[in-house]
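work_30.txt, holding compact mmCIF, C-alpha atoms:
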# COMPACT_ATOMS: atom_id res chain seq x y z
CA MET A 1 86.32 67.37 108.34
CA CYS A 2 84.42 69.30 105.64
CA GLU A 3 82.77 67.43 102.80
CA GLY A 4 85.35 66.51 100.18
CA GLU A 5 88.32 67.69 102.24
CA TRP A 6 91.74 66.64 100.92
CA MET A 7 95.30 67.77 101.20
CA TYR A 8 96.43 69.75 98.18
CA GLY A 9 99.92 70.56 99.41
CA ASP A 10 101.97 72.25 96.71
CA LEU A 11 100.54 70.67 93.56
CA ARG A 12 101.09 73.72 91.36
CA ARG A 13 104.82 73.76 92.00
CA MET A 14 105.11 69.97 91.76
CA ALA A 15 103.34 70.18 88.41
CA GLY A 16 105.60 73.00 87.29
CA VAL A 17 102.77 75.52 87.19
CA GLY A 18 103.71 79.04 88.19
CA PRO A 19 101.51 81.45 90.12
CA PRO A 20 98.56 82.90 88.23
CA GLY A 21 98.58 86.44 86.94
CA GLY A 22 97.22 88.94 89.41
CA PRO A 23 93.72 90.27 88.85
CA ARG A 24 93.19 93.80 87.80
CA ASP A 25 92.37 96.74 89.96
CA GLY A 26 88.84 97.40 91.17
CA ARG A 27 86.45 99.18 88.88
CA ARG A 28 87.24 102.85 88.64
CA ARG A 29 83.68 104.13 88.66
CA THR A 30 82.13 106.88 90.76
CA VAL A 31 79.95 105.47 93.51
CA ARG A 32 77.44 107.09 95.79
CA ALA A 33 77.07 106.84 99.53
CA GLY A 34 74.20 105.12 101.23
CA ALA A 35 73.77 102.24 98.78
CA ALA A 36 71.05 99.83 99.80
CA SER A 37 72.10 97.02 102.10
CA THR A 38 71.60 93.35 101.30
CA THR A 39 68.54 91.56 102.56
CA ALA A 40 68.40 90.01 106.00
CA ALA A 41 68.36 86.56 104.46
CA VAL A 42 71.57 87.19 102.57
CA GLY A 43 73.16 88.59 105.73
CA ALA A 44 72.22 85.52 107.68
CA LEU A 45 73.63 83.28 104.97
CA ALA A 46 76.86 85.26 105.01
CA LEU A 47 77.29 84.78 108.74
CA LEU A 48 76.63 81.06 108.39
CA LEU A 49 79.07 80.56 105.53
CA LEU A 50 81.80 82.78 106.98
CA ALA A 51 81.79 80.53 110.01
CA GLY A 52 83.25 77.89 107.71
CA CYS A 53 83.69 74.21 108.44
CA SER A 54 84.84 73.11 111.84
CA SER A 55 88.56 72.54 111.98
CA PRO A 56 91.34 72.44 114.54
CA GLY A 57 91.81 75.92 115.87
CA ASP A 58 88.15 76.97 115.90
CA GLY A 59 87.56 78.80 119.16
CA ASP A 60 90.53 77.37 121.02
CA GLY A 61 93.14 80.05 120.31
CA SER A 62 95.17 77.87 117.94
CA VAL A 63 95.91 78.43 114.27
CA PRO A 64 93.28 77.16 111.78
CA ALA A 65 94.17 74.02 109.88
CA LYS A 66 94.82 73.91 106.16
CA PRO A 67 91.49 74.78 104.52
CA GLY A 68 89.34 71.99 103.14
CA GLN A 69 86.40 72.15 100.76
CA ARG A 70 83.03 73.77 101.36
CA PRO A 71 79.98 71.51 101.29
CA LYS A 72 79.37 70.79 97.62
CA SER A 73 75.64 71.42 97.90
CA VAL A 74 76.33 75.00 99.06
CA ALA A 75 79.46 75.96 97.12
CA PRO A 76 80.61 73.48 94.46
CA PHE A 77 83.70 75.54 93.66
CA TRP A 78 87.22 74.50 94.62
CA VAL A 79 88.99 75.94 97.66
CA ASN A 80 92.72 76.30 96.98
CA PRO A 81 94.50 75.14 100.15
CA ASP A 82 97.73 76.74 98.92
CA SER A 83 96.32 80.18 98.14
CA LYS A 84 98.02 83.41 99.19
CA ALA A 85 95.50 83.71 101.99
CA ALA A 86 96.23 80.16 103.18
CA ARG A 87 99.94 80.89 103.19
CA GLN A 88 99.25 84.05 105.17
CA VAL A 89 97.36 82.02 107.77
CA SER A 90 100.39 79.75 108.10
CA ASP A 91 102.78 82.70 108.37
CA TYR A 92 100.70 84.32 111.08
CA GLY A 93 100.69 81.02 112.94
CA ASP A 94 104.47 80.83 112.77
CA GLU A 95 104.64 84.35 114.17
CA GLY A 96 102.23 83.53 117.01
CA ARG A 97 99.58 85.90 115.62
CA THR A 98 96.68 83.52 116.13
CA ALA A 99 93.95 86.19 116.06
CA ASP A 100 95.21 87.46 112.72
CA ALA A 101 95.48 83.87 111.46
CA ARG A 102 91.80 83.32 112.22
CA LEU A 103 90.87 86.53 110.41
CA ALA A 104 92.90 85.58 107.33
CA ASN A 105 91.27 82.16 107.41
CA LYS A 106 87.93 83.80 106.60
CA ILE A 107 89.39 84.33 103.14
CA ALA A 108 91.49 81.17 102.92
CA SER A 109 88.56 78.88 103.72
CA GLN A 110 86.41 80.08 100.80
CA PRO A 111 86.57 79.27 97.06
CA VAL A 112 88.11 82.21 95.22
CA ALA A 113 88.62 82.60 91.48
CA GLU A 114 91.99 81.87 89.92
CA TRP A 115 93.12 84.41 87.30
CA ILE A 116 95.01 82.73 84.47
CA GLY A 117 98.35 84.37 83.74
CA VAL A 118 100.13 85.12 80.49
CA ASP A 119 103.16 82.86 80.44
CA ASP A 120 101.69 79.37 80.86
CA PRO A 121 97.92 79.40 80.29
CA GLU A 122 97.73 75.69 79.50
CA GLY A 123 99.74 74.63 82.53
CA GLU A 124 97.87 76.89 84.93
CA ALA A 125 94.43 75.95 83.63
CA ARG A 126 95.34 72.26 83.79
CA GLY A 127 96.80 72.57 87.28
CA PHE A 128 93.76 74.32 88.72
CA THR A 129 91.16 72.17 86.99
CA GLN A 130 92.93 68.92 87.84
CA ALA A 131 93.20 69.96 91.49
CA ALA A 132 89.51 70.86 91.52
CA ALA A 133 88.54 67.57 89.89
CA LYS A 134 90.60 65.62 92.40
CA ALA A 135 88.64 67.32 95.16
CA ASP A 136 85.36 66.58 93.34
CA ARG A 137 84.81 70.29 92.85
CA GLU A 138 84.48 72.77 90.00
CA ALA A 139 87.27 75.18 89.05
CA LEU A 140 86.48 78.91 88.92
CA LEU A 141 88.74 80.72 86.44
CA VAL A 142 89.02 84.29 85.18
CA LEU A 143 90.39 85.01 81.70
CA TYR A 144 91.79 88.54 81.58
CA ASN A 145 94.14 89.04 78.65
CA ILE A 146 92.15 90.90 75.99
CA PRO A 147 94.24 93.27 73.80
CA HIS A 148 94.21 96.93 74.91
CA ARG A 149 93.15 95.87 78.39
CA ASP A 150 91.96 98.37 80.99
CA CYS A 151 92.45 101.41 78.74
CA GLY A 152 96.06 101.82 79.87
CA ARG A 153 95.24 102.17 83.57
CA TYR A 154 96.42 100.22 86.63
CA SER A 155 95.94 96.84 84.94
CA GLN A 156 96.94 97.82 81.44
CA GLY A 157 98.38 95.14 79.20
CA GLY A 158 96.81 92.10 77.63
CA ALA A 159 97.74 90.15 74.52
CA ALA A 160 99.72 92.02 71.88
CA ASP A 161 97.11 91.41 69.18
CA GLY A 162 94.25 89.14 68.16
CA ASN A 163 96.45 86.27 67.07
CA ALA A 164 98.38 86.36 70.33
CA TYR A 165 95.09 86.26 72.23
CA ARG A 166 93.85 83.28 70.21
CA SER A 167 97.06 81.40 70.91
CA TRP A 168 96.76 82.15 74.62
CA LEU A 169 93.12 81.09 74.65
CA ASP A 170 93.96 77.82 72.90
CA GLY A 171 96.33 77.04 75.75
CA VAL A 172 93.56 77.68 78.29
CA LEU A 173 91.19 75.42 76.36
CA LYS A 174 93.70 72.57 76.32
CA GLY A 175 94.29 73.02 80.03
CA ILE A 176 90.59 72.89 80.92
CA GLY A 177 89.73 69.90 78.75
CA ASP A 178 86.72 67.95 79.97
CA ARG A 179 86.90 69.05 83.62
CA ALA A 180 84.07 71.02 85.24
CA THR A 181 84.92 74.72 85.08
CA THR A 182 83.19 78.08 85.36
CA VAL A 183 84.89 80.86 83.41
CA ILE A 184 84.46 84.59 83.96
CA LEU A 185 85.41 85.96 80.56
CA GLU A 186 87.39 89.18 80.24
CA PRO A 187 86.40 91.61 83.00
CA ASP A 188 86.14 95.21 81.75
CA ALA A 189 86.13 94.26 78.07
CA LEU A 190 82.48 95.01 77.29
CA PRO A 191 81.80 97.77 79.85
CA HIS A 192 84.81 99.64 78.45
CA ILE A 193 83.14 99.54 75.05
CA ALA A 194 79.87 100.77 76.55
CA ASP A 195 81.52 103.67 78.39
CA LYS A 196 83.69 104.52 75.34
CA CYS A 197 86.93 104.07 77.27
CA THR A 198 88.19 101.59 74.67
CA PRO A 199 88.81 103.43 71.37
CA GLN A 200 86.40 102.72 68.54
CA GLN A 201 89.05 101.19 66.28
CA PHE A 202 89.43 98.25 68.67
CA HIS A 203 85.74 97.39 69.03
CA GLU A 204 85.31 95.03 66.08
CA GLU A 205 88.35 92.98 67.00
CA ARG A 206 87.20 92.76 70.60
CA TYR A 207 83.74 91.55 69.65
CA ALA A 208 85.25 88.97 67.33
CA LEU A 209 87.65 87.68 69.98
CA LEU A 210 84.97 87.45 72.66
CA THR A 211 82.49 85.73 70.37
CA GLU A 212 85.16 83.24 69.38
CA ALA A 213 86.14 82.68 73.03
CA VAL A 214 82.55 82.04 74.10
CA GLY A 215 82.08 79.56 71.27
CA LYS A 216 85.29 77.66 71.98
CA LEU A 217 84.74 77.54 75.72
CA LYS A 218 81.15 76.35 75.31
CA ALA A 219 82.37 73.63 72.95
CA LEU A 220 84.10 72.06 75.94
CA PRO A 221 81.85 69.46 77.59
CA HIS A 222 81.65 70.84 81.13
CA THR A 223 82.44 74.57 80.97
CA LYS A 224 80.16 77.48 81.87
CA VAL A 225 80.90 81.01 80.64
CA TYR A 226 79.84 84.41 81.99
CA LEU A 227 80.53 87.71 80.21
CA ASP A 228 81.22 90.82 82.28
CA ALA A 229 78.41 93.41 82.32
CA GLY A 230 79.79 95.97 84.76
CA ASN A 231 77.92 97.18 87.82
CA PRO A 232 75.01 99.57 88.44
CA HIS A 233 77.21 102.55 89.31
CA TRP A 234 79.47 102.14 86.33
CA ILE A 235 76.97 101.45 83.56
CA LYS A 236 73.97 103.17 85.09
CA ASP A 237 71.57 102.22 82.29
CA PRO A 238 71.63 98.44 81.74
CA GLY A 239 70.32 99.04 78.24
CA GLN A 240 73.82 100.23 77.32
CA MET A 241 75.09 96.69 77.80
CA VAL A 242 72.56 94.95 75.58
CA GLU A 243 74.25 95.43 72.21
CA PRO A 244 77.77 94.71 73.54
CA LEU A 245 76.58 91.50 75.21
CA LYS A 246 74.71 90.35 72.12
CA ARG A 247 77.64 91.07 69.83
CA ALA A 248 79.96 89.18 72.17
CA GLY A 249 77.84 86.03 72.16
CA ILE A 250 75.59 86.23 75.21
CA ASP A 251 73.13 83.94 73.41
CA ARG A 252 75.67 81.09 73.66
CA ALA A 253 77.08 82.04 77.06
CA ASP A 254 75.55 80.85 80.32
CA GLY A 255 74.97 84.41 81.49
CA PHE A 256 76.72 87.55 82.65
CA ALA A 257 78.75 88.67 85.67
CA LEU A 258 78.33 91.79 87.79
CA ASN A 259 80.38 93.81 90.29
CA ILE A 260 83.75 92.25 89.46
CA SER A 261 86.36 93.78 91.77
CA ASN A 262 83.89 96.40 92.98
CA TYR A 263 82.02 97.11 96.19
CA GLN A 264 78.42 97.71 95.11
CA THR A 265 75.82 95.99 97.26
CA THR A 266 74.24 92.70 96.36
CA ALA A 267 70.80 94.32 96.48
CA GLU A 268 71.67 96.97 93.89
CA ASN A 269 73.43 94.46 91.63
CA THR A 270 70.39 92.21 91.83
CA LYS A 271 68.06 95.00 90.76
CA TYR A 272 70.37 95.95 87.89
CA GLY A 273 70.94 92.34 86.86
CA LYS A 274 67.24 91.55 86.64
CA ARG A 275 66.61 94.56 84.42
CA LEU A 276 69.49 93.56 82.14
CA SER A 277 68.47 89.90 82.10
CA ALA A 278 65.04 90.81 80.78
CA MET A 279 66.74 92.55 77.85
CA VAL A 280 68.97 89.61 76.88
CA GLY A 281 66.60 86.70 76.85
CA GLY A 282 66.30 86.02 80.57
CA LYS A 283 69.94 85.05 81.03
CA PRO A 284 71.00 84.38 84.64
CA PHE A 285 73.88 86.20 86.26
CA VAL A 286 76.51 85.92 88.98
CA ILE A 287 77.54 88.64 91.43
CA ASP A 288 81.02 89.25 92.84
CA THR A 289 80.41 89.57 96.59
CA SER A 290 84.05 89.32 97.62
CA ARG A 291 84.30 92.80 99.13
CA ASN A 292 80.83 94.31 99.17
CA GLY A 293 79.86 93.52 102.76
CA ASN A 294 79.79 97.21 103.70
CA GLY A 295 78.83 98.44 100.25
CA PRO A 296 80.86 101.10 98.41
CA ALA A 297 82.89 103.84 100.01
CA PRO A 298 81.27 107.28 100.18
CA GLY A 299 82.01 109.32 97.07
CA GLY A 300 83.27 112.51 98.67
CA ASP A 301 86.05 114.26 96.76
CA ASP A 302 88.03 111.11 96.01
CA PRO A 303 88.01 110.41 92.25
CA GLU A 304 89.41 106.95 93.00
CA ASN A 305 87.02 105.85 95.71
CA TRP A 306 86.89 102.50 93.90
CA CYS A 307 90.59 101.89 94.60
CA ASN A 308 91.49 100.22 97.90
CA PRO A 309 88.80 102.11 99.83
CA PRO A 310 89.15 101.77 103.61
CA GLY A 311 86.48 100.27 105.81
CA ARG A 312 85.17 97.72 103.32
CA ALA A 313 84.21 94.17 104.31
CA LEU A 314 83.98 90.66 102.96
CA GLY A 315 80.56 89.99 101.51
CA THR A 316 78.39 86.90 101.22
CA PRO A 317 80.69 83.89 100.76
CA PRO A 318 80.51 81.98 97.48
CA THR A 319 77.38 79.91 97.10
CA THR A 320 74.90 78.71 94.52
CA LYS A 321 72.17 78.84 97.18
CA THR A 322 71.05 82.37 96.31
CA GLY A 323 67.31 81.90 96.73
CA ASP A 324 66.73 83.53 93.34
CA PRO A 325 66.52 81.55 90.08
CA LEU A 326 68.05 84.41 88.08
CA ILE A 327 71.12 84.65 90.33
CA ALA A 328 73.24 81.62 89.47
CA ALA A 329 75.77 82.25 92.24
CA TYR A 330 77.44 84.67 94.56
CA LEU A 331 81.15 84.39 93.77
CA TRP A 332 84.43 85.78 95.02
CA ILE A 333 85.85 86.74 91.63
CA LYS A 334 88.26 89.38 92.87
CA ARG A 335 90.60 87.73 95.36
CA PRO A 336 90.00 89.52 98.69
CA GLY A 337 93.24 90.84 100.10
CA GLU A 338 94.81 91.67 96.75
CA SER A 339 95.37 95.31 95.87
CA ASP A 340 93.31 97.34 93.42
CA GLY A 341 96.45 99.24 92.41
CA THR A 342 99.06 101.67 93.66
CA CYS A 343 96.66 103.97 95.49
CA LYS A 344 96.11 104.68 99.18
CA GLY A 345 99.40 102.99 100.03
CA GLY A 346 98.62 99.77 98.17
CA PRO A 347 101.05 97.64 96.17
CA LYS A 348 100.58 97.05 92.44
CA ALA A 349 97.27 95.68 91.18
CA GLY A 350 96.84 92.03 92.09
CA ALA A 351 99.60 91.95 94.72
CA TRP A 352 98.72 90.44 98.10
CA TRP A 353 98.24 93.12 100.78
CA PRO A 354 98.02 91.57 104.26
CA LYS A 355 96.86 94.75 105.98
CA TYR A 356 93.93 95.18 103.62
CA ALA A 357 93.01 91.50 103.86
CA LEU A 358 92.79 91.75 107.65
CA GLY A 359 90.67 94.88 107.36
CA LEU A 360 88.17 93.16 105.09
CA ALA A 361 87.91 90.17 107.40
CA ARG A 362 87.71 92.25 110.58
CA SER A 363 84.95 94.47 109.15
CA ALA A 364 82.92 91.37 108.32
CA GLU A 365 82.73 90.31 111.96
Translate the structure described by the file into structure tokens.
Amino acid sequence: MCEGEWMYGDLRRMAGVGPPGGPRDGRRRTVRAGAASTTAAVGALALLLLAGCSSPGDGDGSVPAKPGQRPKSVAPFWVNPDSKAARQVSDYGDEGRTADARLANKIASQPVAEWIGVDDPEGEARGFTQAAAKADREALLVLYNIPHRDCGRYSQGGAADGNAYRSWLDGVLKGIGDRATTVILEPDALPHIADKCTPQQFHEERYALLTEAVGKLKALPHTKVYLDAGNPHWIKDPGQMVEPLKRAGIDRADGFALNISNYQTTAENTKYGKRLSAMVGGKPFVIDTSRNGNGPAPGGDDPENWCNPPGRALGTPPTTKTGDPLIAAYLWIKRPGESDGTCKGGPKAGAWWPKYALGLARSAE
């Protein structure tokens, strides 16, 4: 049994909490081929962590058991035993597809961020944080509801206006309460200001909302907050992110997040993150390693090589043992196995895509 293992069952439905809103598509930025690979140490750590905790089904041809928690000293974040990936493992077991069940379990057995939906932010935040607290773990949440979200692309939407966003945020705050939580705040919001995708007339409101969100979240007793700062092939000059981060409250936040929903290598994100950190007071950062095991897809002639690219792989599993004091954690912020959008045969952004999930897990072997 893994450290802190417990049976979660179907707490969200028993508590009346609906499924979280699906995360947005992957970043739609041009990438180049031949990105640097991660270091040997990171690769070794990935192999160790992907092996997971020993459970019935390991190596004996049977279906893996319901996932438990990772060792707290390695990954203090909560593993959801009723995640889409965990349900997929169970479904494959029912169908006798034990090899596929073991592949899907590579995702199900790791802590993955929960993206808070629109309809019941208080209930969802409370359900996830209470479940994490019961398991003696920390919840990992993504808030993704800023007005004028995603510039009208695959994950367009967000709150109708500033007041609607504040009301939604207040629900999240009530749901989190005094429970240990790490929040990734509004993916895309600041990089889309830096790359001028978000029209100028919305900038002031966005800065105000993000500054307010950082302040309110940090007023909670046990909540960490990271602002999104893009990735090195989207915002090529980290200096472009300095003013947006400062205006959004990076001085009060715990740090910034890189590579959300993208495939850039850990090595390149580390280099970029250290340059940016030096410009914003030495703030630490987290890297989304959920799908960067093989790095980005070759650029070629595909203008959407960020969207459901084939041949990608799971990256380093979530851990705070990064070996670098500036890197607070490697996290799975984008949920591996969920679509980037309706491209390359994928379902809508955030929908579970079993075929792609198996591909990510298989490529990580």
Taking a cut-off of 12 Å and counting all atoms listed in the file, can you build a table that, for each residue of region 309-341 of chain A near region 214-229 of chain A, reports the nearest atom pair and how far apart they are in Å (one decimal), sorted by chain then residue number, as a tab-separated table?
residue	atom	partner	partner_atom	distance
A:Ala328	CA	A:Tyr226	CA	10.4
A:Ala329	CA	A:Tyr226	CA	11.2
A:Leu331	CA	A:Tyr226	CA	11.9
A:Ile333	CA	A:Asp228	CA	11.2
Review point. Do you know which residues are at most 10 Å from Ser83 (chain A) counting only C-alpha atoms, after dropping those on the same chain fewer than 6 positions away, and could you put them as a ChimeraX atom specification?
Key: /A:10,19,67,89,107-109,111-112,114,335
Check your understanding: Between CA of Trp332 (chain A) and CA of Ala135 (chain A), what is the spacing in Å?
Key ->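 Value for the CA of Ala135 (chain A)-CA of Trp332 (chain A) distance: 18.9 Å.
Between Pro71 (chain A) and the residues A:Thr320, A:Asn294, A:Ser339, A:Gln88, the shortest atom-to-atom distance, using only C-alpha atoms, involves A:Thr320.
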Practice item. Would you kindly return, as an MDAnalysis selection string, each protein, DNA or RNA residue with an atom no farther than 9 Å from any atom of region 98-104 of chain A, considering all atoms listed in the file and excluding same-chain residues fewer than 4 positions away? Key: chainID A and resid 57:58 61:64 85:86 88:94 108:109 337 354 357:362
Review point. Using only C-alpha atoms, which residue out of A:Leu326, A:Leu210, A:Leu245, A:Val74 lies closest to Thr270 (chain A)?
Key: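 Smallest separation from Thr270 (chain A) among the options: A:Leu326.
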Check your understanding: Residues at most 6 Å from region 249-263 of chain A, counting all atoms listed in the file, excluding those fewer than 6 positions away in the same chain, as a PyMOL selection string?
Key -> chain A and resi 26-27+211+224-231+283-288+291-292+295-296+334
Practice item. Check the smallest atom-to-atom distance from each of A:Gly171, A:Gly282, A:Gly315, A:Pro187 to Ala267 (chain A) using all atoms listed in the file, then report the winner. Key: A:Gly315
Please enclose the listed atoms of region 85-100 of chain A in an axis-aligned box, pad each side by 4 Å, and write out the centre and the three edge lengths in Å, rounded to one decimal, as AutoDock Vina command-line options.
--center_x 99.3 --center_y 83.6 --center_z 109.5 --size_x 18.7 --size_y 15.7 --size_z 23.0
Check your understanding: So what do you get for CA of Cys307 (chain A) versus CA of Pro191 (chain A), distance-wise?
Key -> 17.7 Å
Practice item. Compile the contact shell of region 197-208 of chain A as number ranges by chain: residues with an atom at most 7 Å away, counting all atoms listed in the file, same-chain residues fewer than 2 positions apart removed. Key: A: 151, 192-193, 195, 210-212, 247-248
Point to revise | Top pick for closest residue to Lys196 (chain A), considering A:Asn163, A:Thr182, A:Gln264, A:Gln240 and counting all atoms listed in the file | key: A:Gln240
Check your understanding: If you measure from CA of Trp78 (chain A) to CA of Arg149 (chain A), what distance in Å do you get, rounded to one decimal?
Key -> 27.5 Å
Point to revise | Shortest interatomic distance to Ile235 (chain A) - which of A:Asp119, A:Asp136, A:Glu124, A:Asp188, counting all atoms listed in the file | key: A:Asp188
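Distances to Leu190 (chain A) were evaluated for A:Leu209, A:Gln69, A:Val172, A:Asp302 using only C-alpha atoms, and the minimum falls at A:Leu209.
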